[in-house]
Amino acid sequence: MIALGIDAGGTKTIFSLCDGIGRVLCTVHRPSIALPRLGEDAQREALLEGVQAALKEAGLSVGSPLGLSAVCFGAPCWGESQAGDEAMRRSMGRIFGDTPWLLCNDAQVAWAGSFALRPGINILAGTGAMAFGMDAKGRMARCGGWGEHFADEGSGYWLGKRMLSLFCKEADGRAPKGALYALVRQRFALDSDFEIIDVALRDYLPYRDKVASLQLLLLEAARQGDESAIDCYREAGREIALNIEGILQNLDFSGGAQVSYSGGIFKVGAWVMDSFCEALKARGCTIVQPLAPPWIGALMTALQLVGADTNEAIQRLKEESTCHW
């Protein structure tokens with residue numbers, strides 16, 4: 001038995017394979033294959049290329065049919081557009097045929113990894129931001145993930161735009177000039193502060209992942225002591241934590257909710273984590289470390305899909321994740 005997990009976010013995609021007892025056979029990294037970024041045909045080509053690369057990496061045959069037993073694709077933007085969902089279903093059907101497969105949001109595989117398919121709430125903050133949870137009755141709900149244009153507060157994209165906004169304020173004198181001001185001028189070789197407008201419009205704002213990458217400049221400024229940059233990360237932690245509200249209102253966690261977390265923004269450290277944890281504890285939640293990363297969650301979900309002996313396999317995958325995470 002060979003299970004395929006696909007953990008696709010706004011910046012990167014991980015294709016992974018495991019056998020029926022949870023031994024990881026390979027992981028293959030690719031850029032984001034989000035449908036809005038690529039379109040239906042290019043996404044389908046990227047999906048197939050990633051699957052074939054994973055099979056080759058694992059030393060397995062790359063033929064037709066692909067020889068897979070189960071597939072879980074945690075896809076960004078899944079569940080947010082009827083036309084988009086239909087496009088992804090068509091692609092999955094054309095690539096995997098009669099193989100059992102599941103399309104779900106990338107936040108669901110993040111939850112699956114964090115709790116090994118058991119009740120709890122996971123908050124995901126990477127390029128975007130949202131929460132996904134399941135209660136003891138097996139009911140599921142999500143909150144957030146409304147898109148970068150007017151939501152996804154606390155995400156990498158949101159922080160990237162905050163970086164640009166803060167630079168403008170520091171340039172104007174509306175905020176004290178901190179480390180960020182010099183970092184941006186140096187990074188983009190600006191002769192005039194206003195040149196950042198052309199740089200942003202031409203090279204960054206059309207691309208979701210590139211905007212999110214701008215938060216790395218904000219992070220460097222924070223590490224150099226720019227208080228305004230530090231405040232952005234503290235605010236991000238509070239904004240991310242707000243996603244808990246929609247889950248608590250729709251699921252039964254009357255005995256108290258366990259909340260985990262995943263995504264690159266949490267790797268920033270204390271500026272995000274302290275405000276995040278304070279906001280959740282004020283709502284009576286218990287914060288727990290994730291058991292495994294989202295790509296392991298995709299494998300767990302694929303095994304569950306075909307009724308494999310998931311207890312042994314999931315335990316092995318949890319152990320494997322300490323080696324690969």
# chains A, B, ... in the order shown; residues from 1 in each chain; ligands from 1

call {"tool": "select_by_dssp", "arguments": {"residues": "range 130-280 of chain A", "states": "helix (DSSP H, G or I)", "output": "PyMOL selection string"}}
result
chain A and resi 156-172+179-187+195-204+208-213+215-223+227-241+244-250+264-268+270-280

call {"tool": "write_last_selection", "arguments": {"atoms": "C-alpha atoms", "output": "mmCIF file, in the first residue's frame"}}
result
data_model
loop_
_atom_site.group_PDB
_atom_site.id
_atom_site.type_symbol
_atom_site.label_atom_id
_atom_site.label_comp_id
_atom_site.auth_asym_id
_atom_site.auth_seq_id
_atom_site.Cartn_x
_atom_site.Cartn_y
_atom_site.Cartn_z
ATOM 1 C CA GLY A 156 2.919 36.557 6.114
ATOM 2 C CA TYR A 157 1.134 38.519 3.393
ATOM 3 C CA TRP A 158 -0.453 40.829 5.970
ATOM 4 C CA LEU A 159 2.941 41.392 7.606
ATOM 5 C CA GLY A 160 4.549 42.041 4.234
ATOM 6 C CA LYS A 161 2.050 44.810 3.557
ATOM 7 C CA ARG A 162 2.543 46.126 7.086
ATOM 8 C CA MET A 163 6.248 46.336 6.335
ATOM 9 C CA LEU A 164 5.574 48.553 3.328
ATOM 10 C CA SER A 165 3.160 50.689 5.329
ATOM 11 C CA LEU A 166 5.607 51.083 8.198
ATOM 12 C CA PHE A 167 8.410 52.092 5.825
ATOM 13 C CA CYS A 168 6.181 54.823 4.400
ATOM 14 C CA LYS A 169 5.380 56.079 7.903
ATOM 15 C CA GLU A 170 9.025 56.086 8.916
ATOM 16 C CA ALA A 171 9.961 57.857 5.676
ATOM 17 C CA ASP A 172 7.327 60.527 6.330
ATOM 18 C CA ALA A 179 16.035 49.994 11.631
ATOM 19 C CA LEU A 180 13.440 49.224 8.965
ATOM 20 C CA TYR A 181 13.931 52.534 7.187
ATOM 21 C CA ALA A 182 17.623 51.922 6.502
ATOM 22 C CA LEU A 183 17.084 48.230 5.707
ATOM 23 C CA VAL A 184 14.527 48.966 2.994
ATOM 24 C CA ARG A 185 16.581 51.745 1.430
ATOM 25 C CA GLN A 186 19.596 49.445 1.306
ATOM 26 C CA ARG A 187 17.713 46.338 0.130
ATOM 27 C CA GLU A 195 10.835 54.685 -5.530
ATOM 28 C CA ILE A 196 9.406 51.985 -3.248
ATOM 29 C CA ILE A 197 6.052 52.571 -4.960
ATOM 30 C CA ASP A 198 7.304 51.372 -8.352
ATOM 31 C CA VAL A 199 9.208 48.491 -6.765
ATOM 32 C CA ALA A 200 6.137 47.289 -4.881
ATOM 33 C CA LEU A 201 3.686 47.675 -7.777
ATOM 34 C CA ARG A 202 5.984 46.056 -10.327
ATOM 35 C CA ASP A 203 7.832 43.336 -8.450
ATOM 36 C CA TYR A 204 5.789 42.399 -5.388
ATOM 37 C CA ARG A 208 1.167 36.699 -3.155
ATOM 38 C CA ASP A 209 4.262 34.792 -2.082
ATOM 39 C CA LYS A 210 6.621 37.690 -2.824
ATOM 40 C CA VAL A 211 4.554 40.065 -0.711
ATOM 41 C CA ALA A 212 4.718 37.531 2.124
ATOM 42 C CA SER A 213 8.503 37.385 1.735
ATOM 43 C CA GLN A 215 7.981 40.288 6.195
ATOM 44 C CA LEU A 216 11.567 39.023 6.419
ATOM 45 C CA LEU A 217 12.703 42.647 6.234
ATOM 46 C CA LEU A 218 10.254 43.477 9.010
ATOM 47 C CA LEU A 219 11.687 40.596 11.040
ATOM 48 C CA GLU A 220 15.252 41.822 10.559
ATOM 49 C CA ALA A 221 14.178 45.293 11.678
ATOM 50 C CA ALA A 222 12.526 43.817 14.768
ATOM 51 C CA ARG A 223 15.704 41.896 15.591
ATOM 52 C CA GLU A 227 9.903 48.926 18.213
ATOM 53 C CA SER A 228 7.325 49.623 15.509
ATOM 54 C CA ALA A 229 8.332 46.402 13.723
ATOM 55 C CA ILE A 230 8.154 44.468 16.998
ATOM 56 C CA ASP A 231 4.653 45.851 17.582
ATOM 57 C CA CYS A 232 3.605 44.504 14.169
ATOM 58 C CA TYR A 233 4.508 40.972 15.261
ATOM 59 C CA ARG A 234 2.767 41.347 18.598
ATOM 60 C CA GLU A 235 -0.348 42.507 16.788
ATOM 61 C CA ALA A 236 -0.018 39.569 14.387
ATOM 62 C CA GLY A 237 -0.125 37.145 17.324
ATOM 63 C CA ARG A 238 -3.350 38.701 18.602
ATOM 64 C CA GLU A 239 -4.932 38.742 15.150
ATOM 65 C CA ILE A 240 -4.050 35.115 14.477
ATOM 66 C CA ALA A 241 -5.544 34.086 17.830
ATOM 67 C CA ILE A 244 -10.362 30.746 17.518
ATOM 68 C CA GLU A 245 -13.666 32.583 17.913
ATOM 69 C CA GLY A 246 -15.341 31.145 14.820
ATOM 70 C CA ILE A 247 -14.390 27.601 15.826
ATOM 71 C CA LEU A 248 -15.565 27.939 19.420
ATOM 72 C CA GLN A 249 -18.912 29.307 18.260
ATOM 73 C CA ASN A 250 -19.542 26.443 15.822
ATOM 74 C CA GLY A 264 6.109 29.920 9.277
ATOM 75 C CA ILE A 265 4.897 32.975 11.202
ATOM 76 C CA PHE A 266 5.081 31.055 14.467
ATOM 77 C CA LYS A 267 8.794 30.505 13.836
ATOM 78 C CA VAL A 268 9.334 34.234 14.453
ATOM 79 C CA ALA A 270 8.329 35.246 21.285
ATOM 80 C CA TRP A 271 6.967 38.439 19.690
ATOM 81 C CA VAL A 272 4.253 36.385 17.999
ATOM 82 C CA MET A 273 3.945 33.489 20.435
ATOM 83 C CA ASP A 274 3.608 35.556 23.618
ATOM 84 C CA SER A 275 0.699 37.680 22.379
ATOM 85 C CA PHE A 276 -0.847 34.623 20.654
ATOM 86 C CA CYS A 277 -0.757 32.523 23.820
ATOM 87 C CA GLU A 278 -1.999 35.361 26.028
ATOM 88 C CA ALA A 279 -5.018 35.895 23.776
ATOM 89 C CA LEU A 280 -5.886 32.189 23.749
#

call {"tool": "select_by_dssp", "arguments": {"residues": "range 177-325 of chain A", "states": "strand (DSSP E)", "output": "ChimeraX atom specification"}}
result
/A:258-262,286-287

call {"tool": "residues_around", "arguments": {"residues": "Phe132 in chain A", "least_positions_apart": "2", "cutoff": "7 Å", "atoms": "only C-alpha atoms", "output": "list in words"}}
result
Ala107, Gln108, Trp111, Ile121, Asn122, Ile123, Met130, Ala141, Arg142 and Cys143 of chain A

call {"tool": "residues_around", "arguments": {"residues": "Ala70 in chain A", "least_positions_apart": "3", "cutoff": "8 Å", "atoms": "only C-alpha atoms", "output": "PyMOL selection string"}}
result
chain A and resi 2-4+99-101+302-303+305-306

call {"tool": "closest_atom_pairs", "arguments": {"of": "range 260-301 of chain A", "to": "range 16-24 of chain A", "cutoff": "10 Å", "atoms": "only C-alpha atoms", "output": "CSV"}}
result
residue,atom,partner,partner_atom,distance
A:Trp295,CA,A:Ser16,CA,7.1
A:Ile296,CA,A:Ser16,CA,8.1
A:Ala298,CA,A:Ser16,CA,8.5
A:Leu299,CA,A:Cys18,CA,7.0
A:Met300,CA,A:Gly22,CA,8.2

call {"tool": "residues_around", "arguments": {"residues": "Leu55 in chain A", "least_positions_apart": "2", "cutoff": "10 Å", "atoms": "only C-alpha atoms", "output": "list of chain:residue names"}}
result
A:Ile2, A:Leu4, A:Phe15, A:Ser16, A:Leu17, A:Leu25, A:Cys26, A:Thr27, A:Val28, A:Glu49, A:Gly50, A:Val51, A:Gln52, A:Ala53, A:Glu57, A:Ala58, A:Gly59, A:Leu60, A:Ser61, A:Val62, A:Gly63, A:Leu66, A:Gly67, A:Leu68

call {"tool": "closest_residue", "arguments": {"among": "A:Ala125, A:Met134, A:Ala110, A:Val71", "to": "Phe96 in chain A", "atoms": "only C-alpha atoms"}}
result
A:Val71

call {"tool": "atom_distance", "arguments": {"atom1": "CA of Asp252 in chain A", "atom2": "CA of Arg118 in chain A"}}
result
14.0 Å

call {"tool": "closest_atom_pairs", "arguments": {"of": "range 61-135 of chain A", "to": "range 285-292 of chain A", "cutoff": "8 Å", "atoms": "only C-alpha atoms", "output": "CSV"}}
result
residue,atom,partner,partner_atom,distance
A:Gly113,CA,A:Ala292,CA,4.7
A:Ser114,CA,A:Pro290,CA,4.0
A:Phe115,CA,A:Leu291,CA,6.0
A:Ala116,CA,A:Leu291,CA,6.9

call {"tool": "atom_distance", "arguments": {"atom1": "CA of Glu148 in chain A", "atom2": "CA of Gln43 in chain A"}}
result
20.1 Å

call {"tool": "closest_residue", "arguments": {"among": "A:Pro119, A:Pro31, A:Gly133, A:Pro76", "to": "Asn243 in chain A", "atoms": "only C-alpha atoms"}}
result
A:Gly133

call {"tool": "closest_residue", "arguments": {"among": "A:Leu242, A:Leu117, A:Leu124, A:Ala42", "to": "Gln315 in chain A", "atoms": "only C-alpha atoms"}}
result
A:Leu117

call {"tool": "atom_distance", "arguments": {"atom1": "CA of Gly263 in chain A", "atom2": "CA of Ile95 in chain A"}}
result
28.3 Å

call {"tool": "decode", "arguments": {"residues": "range 291-306 of chain A", "atoms": "all heavy atoms", "output": "mmCIF file, in the first residue's frame"}}
result
data_model
loop_
_atom_site.group_PDB
_atom_site.id
_atom_site.type_symbol
_atom_site.label_atom_id
_atom_site.label_comp_id
_atom_site.auth_asym_id
_atom_site.auth_seq_id
_atom_site.Cartn_x
_atom_site.Cartn_y
_atom_site.Cartn_z
ATOM 1 N N LEU A 291 1.791 17.809 17.134
ATOM 2 C CA LEU A 291 2.395 16.482 17.160
ATOM 3 C C LEU A 291 3.236 16.225 15.923
ATOM 4 O O LEU A 291 4.243 15.518 15.977
ATOM 5 C CB LEU A 291 1.310 15.412 17.276
ATOM 6 C CG LEU A 291 0.495 15.413 18.579
ATOM 7 C CD1 LEU A 291 -0.653 14.414 18.492
ATOM 8 C CD2 LEU A 291 1.400 15.082 19.764
ATOM 9 N N ALA A 292 2.807 16.771 14.783
ATOM 10 C CA ALA A 292 3.491 16.525 13.517
ATOM 11 C C ALA A 292 3.166 17.670 12.560
ATOM 12 O O ALA A 292 2.170 18.367 12.729
ATOM 13 C CB ALA A 292 3.052 15.185 12.917
ATOM 14 N N PRO A 293 3.998 17.873 11.537
ATOM 15 C CA PRO A 293 3.758 18.960 10.586
ATOM 16 C C PRO A 293 2.612 18.641 9.626
ATOM 17 O O PRO A 293 2.167 17.489 9.527
ATOM 18 C CB PRO A 293 5.091 19.064 9.839
ATOM 19 C CG PRO A 293 5.675 17.698 9.936
ATOM 20 C CD PRO A 293 5.260 17.157 11.263
ATOM 21 N N PRO A 294 2.142 19.638 8.888
ATOM 22 C CA PRO A 294 0.997 19.426 7.987
ATOM 23 C C PRO A 294 1.207 18.335 6.938
ATOM 24 O O PRO A 294 0.260 17.617 6.601
ATOM 25 C CB PRO A 294 0.819 20.804 7.334
ATOM 26 C CG PRO A 294 1.317 21.771 8.358
ATOM 27 C CD PRO A 294 2.489 21.087 8.995
ATOM 28 N N TRP A 295 2.414 18.190 6.401
ATOM 29 C CA TRP A 295 2.596 17.174 5.359
ATOM 30 C C TRP A 295 2.412 15.763 5.928
ATOM 31 O O TRP A 295 1.929 14.869 5.223
ATOM 32 C CB TRP A 295 3.948 17.324 4.654
ATOM 33 C CG TRP A 295 5.172 17.099 5.480
ATOM 34 C CD1 TRP A 295 5.878 18.017 6.184
ATOM 35 C CD2 TRP A 295 5.872 15.850 5.656
ATOM 36 N NE1 TRP A 295 6.964 17.434 6.805
ATOM 37 C CE2 TRP A 295 6.986 16.114 6.490
ATOM 38 C CE3 TRP A 295 5.669 14.546 5.187
ATOM 39 C CZ2 TRP A 295 7.893 15.128 6.868
ATOM 40 C CZ3 TRP A 295 6.564 13.550 5.562
ATOM 41 C CH2 TRP A 295 7.655 13.844 6.393
ATOM 42 N N ILE A 296 2.749 15.582 7.194
ATOM 43 C CA ILE A 296 2.453 14.310 7.859
ATOM 44 C C ILE A 296 0.948 14.174 8.048
ATOM 45 O O ILE A 296 0.373 13.081 7.908
ATOM 46 C CB ILE A 296 3.184 14.214 9.212
ATOM 47 C CG1 ILE A 296 4.700 14.048 9.000
ATOM 48 C CG2 ILE A 296 2.624 13.083 10.058
ATOM 49 C CD1 ILE A 296 5.148 12.674 8.588
ATOM 50 N N GLY A 297 0.269 15.278 8.347
ATOM 51 C CA GLY A 297 -1.187 15.261 8.459
ATOM 52 C C GLY A 297 -1.851 14.822 7.175
ATOM 53 O O GLY A 297 -2.872 14.114 7.197
ATOM 54 N N ALA A 298 -1.293 15.216 6.030
ATOM 55 C CA ALA A 298 -1.847 14.789 4.745
ATOM 56 C C ALA A 298 -1.712 13.278 4.571
ATOM 57 O O ALA A 298 -2.626 12.596 4.075
ATOM 58 C CB ALA A 298 -1.155 15.535 3.607
ATOM 59 N N LEU A 299 -0.574 12.731 4.995
ATOM 60 C CA LEU A 299 -0.388 11.278 4.917
ATOM 61 C C LEU A 299 -1.346 10.548 5.862
ATOM 62 O O LEU A 299 -1.934 9.518 5.506
ATOM 63 C CB LEU A 299 1.057 10.917 5.250
ATOM 64 C CG LEU A 299 2.120 11.293 4.219
ATOM 65 C CD1 LEU A 299 3.512 11.027 4.773
ATOM 66 C CD2 LEU A 299 1.912 10.537 2.918
ATOM 67 N N MET A 300 -1.493 11.065 7.079
ATOM 68 C CA MET A 300 -2.431 10.453 8.024
ATOM 69 C C MET A 300 -3.848 10.425 7.449
ATOM 70 O O MET A 300 -4.561 9.419 7.558
ATOM 71 C CB MET A 300 -2.439 11.243 9.333
ATOM 72 C CG MET A 300 -1.175 11.147 10.155
ATOM 73 S SD MET A 300 -1.276 12.211 11.635
ATOM 74 C CE MET A 300 0.273 11.822 12.458
ATOM 75 N N THR A 301 -4.253 11.519 6.836
ATOM 76 C CA THR A 301 -5.602 11.615 6.273
ATOM 77 C C THR A 301 -5.772 10.654 5.109
ATOM 78 O O THR A 301 -6.833 10.036 4.952
ATOM 79 C CB THR A 301 -5.879 13.058 5.825
ATOM 80 O OG1 THR A 301 -5.676 13.944 6.926
ATOM 81 C CG2 THR A 301 -7.305 13.213 5.329
ATOM 82 N N ALA A 302 -4.738 10.506 4.282
ATOM 83 C CA ALA A 302 -4.811 9.560 3.169
ATOM 84 C C ALA A 302 -4.978 8.135 3.674
ATOM 85 O O ALA A 302 -5.797 7.359 3.153
ATOM 86 C CB ALA A 302 -3.564 9.683 2.297
ATOM 87 N N LEU A 303 -4.230 7.759 4.714
ATOM 88 C CA LEU A 303 -4.359 6.409 5.268
ATOM 89 C C LEU A 303 -5.740 6.191 5.863
ATOM 90 O O LEU A 303 -6.345 5.123 5.698
ATOM 91 C CB LEU A 303 -3.286 6.183 6.337
ATOM 92 C CG LEU A 303 -1.842 6.071 5.840
ATOM 93 C CD1 LEU A 303 -0.879 6.032 7.011
ATOM 94 C CD2 LEU A 303 -1.661 4.843 4.955
ATOM 95 N N GLN A 304 -6.244 7.190 6.563
ATOM 96 C CA GLN A 304 -7.585 7.084 7.146
ATOM 97 C C GLN A 304 -8.643 6.907 6.069
ATOM 98 O O GLN A 304 -9.645 6.214 6.264
ATOM 99 C CB GLN A 304 -7.881 8.322 7.975
ATOM 100 C CG GLN A 304 -9.208 8.273 8.730
ATOM 101 C CD GLN A 304 -9.526 9.594 9.405
ATOM 102 O OE1 GLN A 304 -9.591 10.628 8.750
ATOM 103 N NE2 GLN A 304 -9.687 9.571 10.716
ATOM 104 N N LEU A 305 -8.419 7.519 4.915
ATOM 105 C CA LEU A 305 -9.392 7.498 3.823
ATOM 106 C C LEU A 305 -9.729 6.082 3.369
ATOM 107 O O LEU A 305 -10.858 5.804 2.969
ATOM 108 C CB LEU A 305 -8.829 8.311 2.647
ATOM 109 C CG LEU A 305 -9.712 8.542 1.436
ATOM 110 C CD1 LEU A 305 -10.938 9.355 1.810
ATOM 111 C CD2 LEU A 305 -8.913 9.256 0.349
ATOM 112 N N VAL A 306 -8.759 5.176 3.428
ATOM 113 C CA VAL A 306 -8.982 3.809 2.954
ATOM 114 C C VAL A 306 -9.076 2.818 4.107
ATOM 115 O O VAL A 306 -8.963 1.613 3.911
ATOM 116 C CB VAL A 306 -7.877 3.380 1.967
ATOM 117 C CG1 VAL A 306 -8.027 4.129 0.663
ATOM 118 C CG2 VAL A 306 -6.489 3.601 2.547
#
